[in-house]
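Following: one structure in structure tokens, then a few remarks.
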Amino acid sequence: MRIDPNTHLLSSARYVASPNGDERPENTTIDMVVVHGISLPPGQFGTGAIEQFFRGELDFSTHPYFATIKDLRVSSHLLINRQGVVTQFIPFSRRAWHAGASFFQGREQCNNFSIGIELEGTDDEPYEKEQYQELAKTIKLLMQAYPAITRERIVGHSDIAPGRKTDPGRFFDWEYLDCLLRG
């Protein structure tokens with residue numbers, strides 16, 4: 001497993017291009033990872049709707065909740081499903097649209113300088129061991145490829161959009177992730 005320095009893709013991930021991304025501002029240093037949680041419809045796993053949503057291909061008529069997100073254009077760099085399978089939507093060198101209105105340590109627009117990793121899950125139940133393992137392996141690779149990323153700059157969506165976002169939620173085990181990163 002590695003990050004290709006030419007394509008900025010994770011070699012072990014399945015790549016499915018999303019139209020919901022663009023170029024980062026010139027001379028941007030990638031120095032943060034944002035961990036998210038998502039399920040579509042909320043609380044349901046393995047539906048395929050997350051990938052469809054990130055690709056701009058979700059049929060909004062198939063579930064009442066989808067009507068509330070039909071005007072959003074969202075993506076992330078990576079999605080780690082409940083089994084630990086990783087899908088990449090945007091090369092790390094490009095900006096994915098994952099954070100929305102956000103700020104961290106005096107800087108706004110966190111999409112500009114961060115990598116977004118979505119975990120299939122909810123705020124209200126634990127994530128799977130396989131997800132943590134893949135997340136830790138991936139973060140270690142990201143820290144090698146983008147040395148400005150430090151442990152202090154691995155944050156949750158709730159850290160950069162407090163009051164607006166709550167993910168990855170109260171069941172996300174930051175201590176376990178730290179243990180895996182140190183191990």
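Chain identifiers are assigned as A, B, and so on, following the order in which chains appear in the structure tokens; residues are numbered from 1 within each chain, and ligands are numbered from 1 in order of appearance.
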Which residues are near Ala148 in chain A? Cut-off 9 Å, only C-alpha atoms, ignore same chain within fewer than 3 positions. Put them as number ranges by chain. A: 29-32, 143, 153
For the selection just defined, write its residues with N, CA and C atoms to a file, as a PDB file, in the first residue's frame.
ATOM      1  N   THR A  29      -0.282  24.018   1.173  1.00  0.00           N
ATOM      2  CA  THR A  29       0.344  22.890   1.845  1.00  0.00           C
ATOM      3  C   THR A  29      -0.751  22.045   2.473  1.00  0.00           C
ATOM      4  N   ILE A  30      -0.786  20.766   2.135  1.00  0.00           N
ATOM      5  CA  ILE A  30      -1.750  19.849   2.732  1.00  0.00           C
ATOM      6  C   ILE A  30      -1.221  19.506   4.118  1.00  0.00           C
ATOM      7  N   ASP A  31      -1.984  19.898   5.155  1.00  0.00           N
ATOM      8  CA  ASP A  31      -1.455  19.715   6.505  1.00  0.00           C
ATOM      9  C   ASP A  31      -2.493  19.230   7.522  1.00  0.00           C
ATOM     10  N   MET A  32      -3.610  18.676   7.046  1.00  0.00           N
ATOM     11  CA  MET A  32      -4.630  18.225   7.975  1.00  0.00           C
ATOM     12  C   MET A  32      -5.440  17.074   7.371  1.00  0.00           C
ATOM     13  N   MET A 143       0.844  10.901   6.239  1.00  0.00           N
ATOM     14  CA  MET A 143       1.840  11.652   6.999  1.00  0.00           C
ATOM     15  C   MET A 143       3.225  11.549   6.356  1.00  0.00           C
ATOM     16  N   ARG A 153      -3.042  17.460  13.880  1.00  0.00           N
ATOM     17  CA  ARG A 153      -3.825  17.974  12.763  1.00  0.00           C
ATOM     18  C   ARG A 153      -4.679  16.870  12.128  1.00  0.00           C
TER      19      ARG A 153
END
Spatial neighbours of Asn6 in chain A, max dist 12 Å, only C-alpha atoms, sep filter under 6 positions, as a ChimeraX atom specification: /A:91-93,145
How would the residues just chosen look if you wrote them out with C-alpha atoms as a tab-separated table (two decimals), in the first residue's frame?
chain	number	residue	atom	x	y	z
A	91	PRO	CA	-6.79	12.55	-5.82
A	92	PHE	CA	-5.14	13.93	-2.67
A	93	SER	CA	-3.56	16.76	-4.66
A	145	ALA	CA	3.55	11.74	1.69
Distance query Leu135 in chain A at most 10 Å, only C-alpha atoms, self and fewer than 5 positions along chain excluded, as a list in words: Val35, Leu78, Leu79, Ile80, Gly84, Val86, Ile117, Glu118, Leu119, Lys129, Glu130, Lys140, Leu141, Leu177, Leu180 and Leu181 of chain A
Neighbouring residues of Val33 in chain A were defined as those with any atom within 7 Å, considering only C-alpha atoms; residues of the same chain fewer than 2 positions away were excluded. Please report them as a PyMOL selection string. chain A and resi 35+114-116+153-155
If you keep N, CA and C atoms, can you produce a file of those selected residues as a PDB file, in the first residue's frame?
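Heads up, here's the output in again-v3.pdb:
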ATOM      1  N   VAL A  35     -11.621  13.593   9.725  1.00  0.00           N
ATOM      2  CA  VAL A  35     -12.354  12.327   9.808  1.00  0.00           C
ATOM      3  C   VAL A  35     -13.841  12.645   9.918  1.00  0.00           C
ATOM      4  N   SER A 114      -6.875  20.355   3.579  1.00  0.00           N
ATOM      5  CA  SER A 114      -7.088  19.086   4.272  1.00  0.00           C
ATOM      6  C   SER A 114      -7.423  17.946   3.316  1.00  0.00           C
ATOM      7  N   ILE A 115      -7.311  16.752   3.871  1.00  0.00           N
ATOM      8  CA  ILE A 115      -7.748  15.529   3.206  1.00  0.00           C
ATOM      9  C   ILE A 115      -8.933  15.006   4.001  1.00  0.00           C
ATOM     10  N   GLY A 116     -10.038  14.749   3.316  1.00  0.00           N
ATOM     11  CA  GLY A 116     -11.253  14.273   3.965  1.00  0.00           C
ATOM     12  C   GLY A 116     -11.396  12.771   3.840  1.00  0.00           C
ATOM     13  N   ARG A 153      -3.042  17.460  13.880  1.00  0.00           N
ATOM     14  CA  ARG A 153      -3.825  17.974  12.763  1.00  0.00           C
ATOM     15  C   ARG A 153      -4.679  16.870  12.128  1.00  0.00           C
ATOM     16  N   ILE A 154      -4.984  15.855  12.924  1.00  0.00           N
ATOM     17  CA  ILE A 154      -5.961  14.826  12.549  1.00  0.00           C
ATOM     18  C   ILE A 154      -7.178  15.110  13.423  1.00  0.00           C
ATOM     19  N   VAL A 155      -8.233  15.585  12.796  1.00  0.00           N
ATOM     20  CA  VAL A 155      -9.375  16.122  13.538  1.00  0.00           C
ATOM     21  C   VAL A 155     -10.677  15.526  13.011  1.00  0.00           C
TER      22      VAL A 155
END
When DSSP is applied to the backbone of this structure, which of range 107-179 of chain A are assigned helix (DSSP H, G or I)? Write them out as a PyMOL selection string. chain A and resi 110-112+129-145+151-153+157-160+174-179
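For the residues A:Tyr146, A:Glu128, A:Arg2, A:Glu152, ranking by smallest atom-to-atom distance to Asp173 in chain A using only C-alpha atoms places A:Glu128 first.
Counting only C-alpha atoms, Arg94 in chain A has the following residues at most 8 Å away, ignoring those fewer than 6 positions along the same chain: Gly21, Asp22, Glu23 and Arg24 of chain A.
Considering only C-alpha atoms, the residue among A:Glu125, A:Glu120, A:Asp159, A:Asp167 positioned nearest to Glu51 in chain A is A:Glu120.
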Run DSSP on the backbone and tell me which residues of range 71-100 of chain A come out as strand (DSSP E or B); list them as a count of residues only. 9
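Distance check against Gln109 in chain A using only C-alpha atoms: of A:Ser18, A:Thr138, A:Ser12, A:Thr28, the minimum falls on A:Thr28.
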Using only C-alpha atoms, which protein or nucleic acid residues come within 12 Å of range 65-67 of chain A? Drop anything in the same chain fewer than 2 positions from it, and give the result as a PyMOL selection string. chain A and resi 39-44+49-50+52-53+57-63+69-72
Could the residues in this selection be written to a file with N, CA and C atoms, as a PDB file, in the first residue's frame?
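Result file follows (result_8.pdb):
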ATOM      1  N   SER A  39     -23.702   7.965   6.663  1.00  0.00           N
ATOM      2  CA  SER A  39     -24.505   6.814   6.234  1.00  0.00           C
ATOM      3  C   SER A  39     -25.680   7.373   5.446  1.00  0.00           C
ATOM      4  N   LEU A  40     -26.026   6.684   4.388  1.00  0.00           N
ATOM      5  CA  LEU A  40     -27.143   7.099   3.534  1.00  0.00           C
ATOM      6  C   LEU A  40     -27.967   5.887   3.133  1.00  0.00           C
ATOM      7  N   PRO A  41     -29.264   5.962   3.387  1.00  0.00           N
ATOM      8  CA  PRO A  41     -29.962   6.883   4.261  1.00  0.00           C
ATOM      9  C   PRO A  41     -29.379   6.820   5.683  1.00  0.00           C
ATOM     10  N   PRO A  42     -29.630   7.843   6.503  1.00  0.00           N
ATOM     11  CA  PRO A  42     -29.061   7.862   7.842  1.00  0.00           C
ATOM     12  C   PRO A  42     -29.342   6.567   8.610  1.00  0.00           C
ATOM     13  N   GLY A  43     -28.279   6.013   9.187  1.00  0.00           N
ATOM     14  CA  GLY A  43     -28.401   4.790   9.981  1.00  0.00           C
ATOM     15  C   GLY A  43     -28.401   3.504   9.189  1.00  0.00           C
ATOM     16  N   GLN A  44     -28.324   3.591   7.864  1.00  0.00           N
ATOM     17  CA  GLN A  44     -28.310   2.387   7.028  1.00  0.00           C
ATOM     18  C   GLN A  44     -26.936   2.241   6.383  1.00  0.00           C
ATOM     19  N   ALA A  49     -25.480   4.152  -1.559  1.00  0.00           N
ATOM     20  CA  ALA A  49     -25.939   5.530  -1.759  1.00  0.00           C
ATOM     21  C   ALA A  49     -24.839   6.562  -1.521  1.00  0.00           C
ATOM     22  N   ILE A  50     -23.884   6.269  -0.631  1.00  0.00           N
ATOM     23  CA  ILE A  50     -22.805   7.236  -0.388  1.00  0.00           C
ATOM     24  C   ILE A  50     -22.000   7.435  -1.662  1.00  0.00           C
ATOM     25  N   GLN A  52     -22.904   6.805  -4.725  1.00  0.00           N
ATOM     26  CA  GLN A  52     -23.745   7.468  -5.723  1.00  0.00           C
ATOM     27  C   GLN A  52     -23.837   8.965  -5.450  1.00  0.00           C
ATOM     28  N   PHE A  53     -23.966   9.329  -4.186  1.00  0.00           N
ATOM     29  CA  PHE A  53     -24.057  10.742  -3.803  1.00  0.00           C
ATOM     30  C   PHE A  53     -22.764  11.478  -4.151  1.00  0.00           C
ATOM     31  N   GLU A  57     -24.659  10.859  -8.708  1.00  0.00           N
ATOM     32  CA  GLU A  57     -25.545   9.922  -9.403  1.00  0.00           C
ATOM     33  C   GLU A  57     -26.665   9.377  -8.519  1.00  0.00           C
ATOM     34  N   LEU A  58     -26.891   9.982  -7.362  1.00  0.00           N
ATOM     35  CA  LEU A  58     -27.913   9.485  -6.446  1.00  0.00           C
ATOM     36  C   LEU A  58     -29.305   9.817  -6.968  1.00  0.00           C
ATOM     37  N   ASP A  59     -30.178   8.815  -6.993  1.00  0.00           N
ATOM     38  CA  ASP A  59     -31.579   9.023  -7.359  1.00  0.00           C
ATOM     39  C   ASP A  59     -32.297   9.534  -6.111  1.00  0.00           C
ATOM     40  N   PHE A  60     -32.557  10.813  -6.066  1.00  0.00           N
ATOM     41  CA  PHE A  60     -33.110  11.455  -4.875  1.00  0.00           C
ATOM     42  C   PHE A  60     -34.549  11.048  -4.593  1.00  0.00           C
ATOM     43  N   SER A  61     -35.181  10.350  -5.515  1.00  0.00           N
ATOM     44  CA  SER A  61     -36.570   9.926  -5.305  1.00  0.00           C
ATOM     45  C   SER A  61     -36.673   8.601  -4.566  1.00  0.00           C
ATOM     46  N   THR A  62     -35.551   7.943  -4.286  1.00  0.00           N
ATOM     47  CA  THR A  62     -35.602   6.594  -3.708  1.00  0.00           C
ATOM     48  C   THR A  62     -35.742   6.565  -2.194  1.00  0.00           C
ATOM     49  N   HIS A  63     -35.575   7.716  -1.532  1.00  0.00           N
ATOM     50  CA  HIS A  63     -35.750   7.768  -0.077  1.00  0.00           C
ATOM     51  C   HIS A  63     -36.118   9.195   0.310  1.00  0.00           C
ATOM     52  N   ILE A  69     -31.029  16.535   0.687  1.00  0.00           N
ATOM     53  CA  ILE A  69     -29.627  16.722   0.282  1.00  0.00           C
ATOM     54  C   ILE A  69     -29.472  16.879  -1.224  1.00  0.00           C
ATOM     55  N   LYS A  70     -30.586  16.989  -1.926  1.00  0.00           N
ATOM     56  CA  LYS A  70     -30.526  16.977  -3.397  1.00  0.00           C
ATOM     57  C   LYS A  70     -29.768  18.144  -4.002  1.00  0.00           C
ATOM     58  N   ASP A  71     -29.640  19.254  -3.289  1.00  0.00           N
ATOM     59  CA  ASP A  71     -28.942  20.414  -3.835  1.00  0.00           C
ATOM     60  C   ASP A  71     -27.467  20.470  -3.436  1.00  0.00           C
ATOM     61  N   LEU A  72     -27.016  19.489  -2.670  1.00  0.00           N
ATOM     62  CA  LEU A  72     -25.629  19.472  -2.210  1.00  0.00           C
ATOM     63  C   LEU A  72     -24.722  18.770  -3.210  1.00  0.00           C
TER      64      LEU A  72
END
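Distances here use only C-alpha atoms; by that measure, the residue among A:Gly56, A:Gln83, A:Ala101, A:Gly169 closest to Glu134 in chain A is A:Gln83.
Compared by their closest atoms to His8 in chain A, and using only C-alpha atoms, the residues A:Ser158, A:Gln88, A:Asn27, A:Asn112 rank with A:Gln88 nearest.
You can rank A:Ala99, A:Asn20, A:Tyr176, A:Gly121 by their closest distance to Ser75 in chain A using only C-alpha atoms, and at the top of that list sits A:Asn20.
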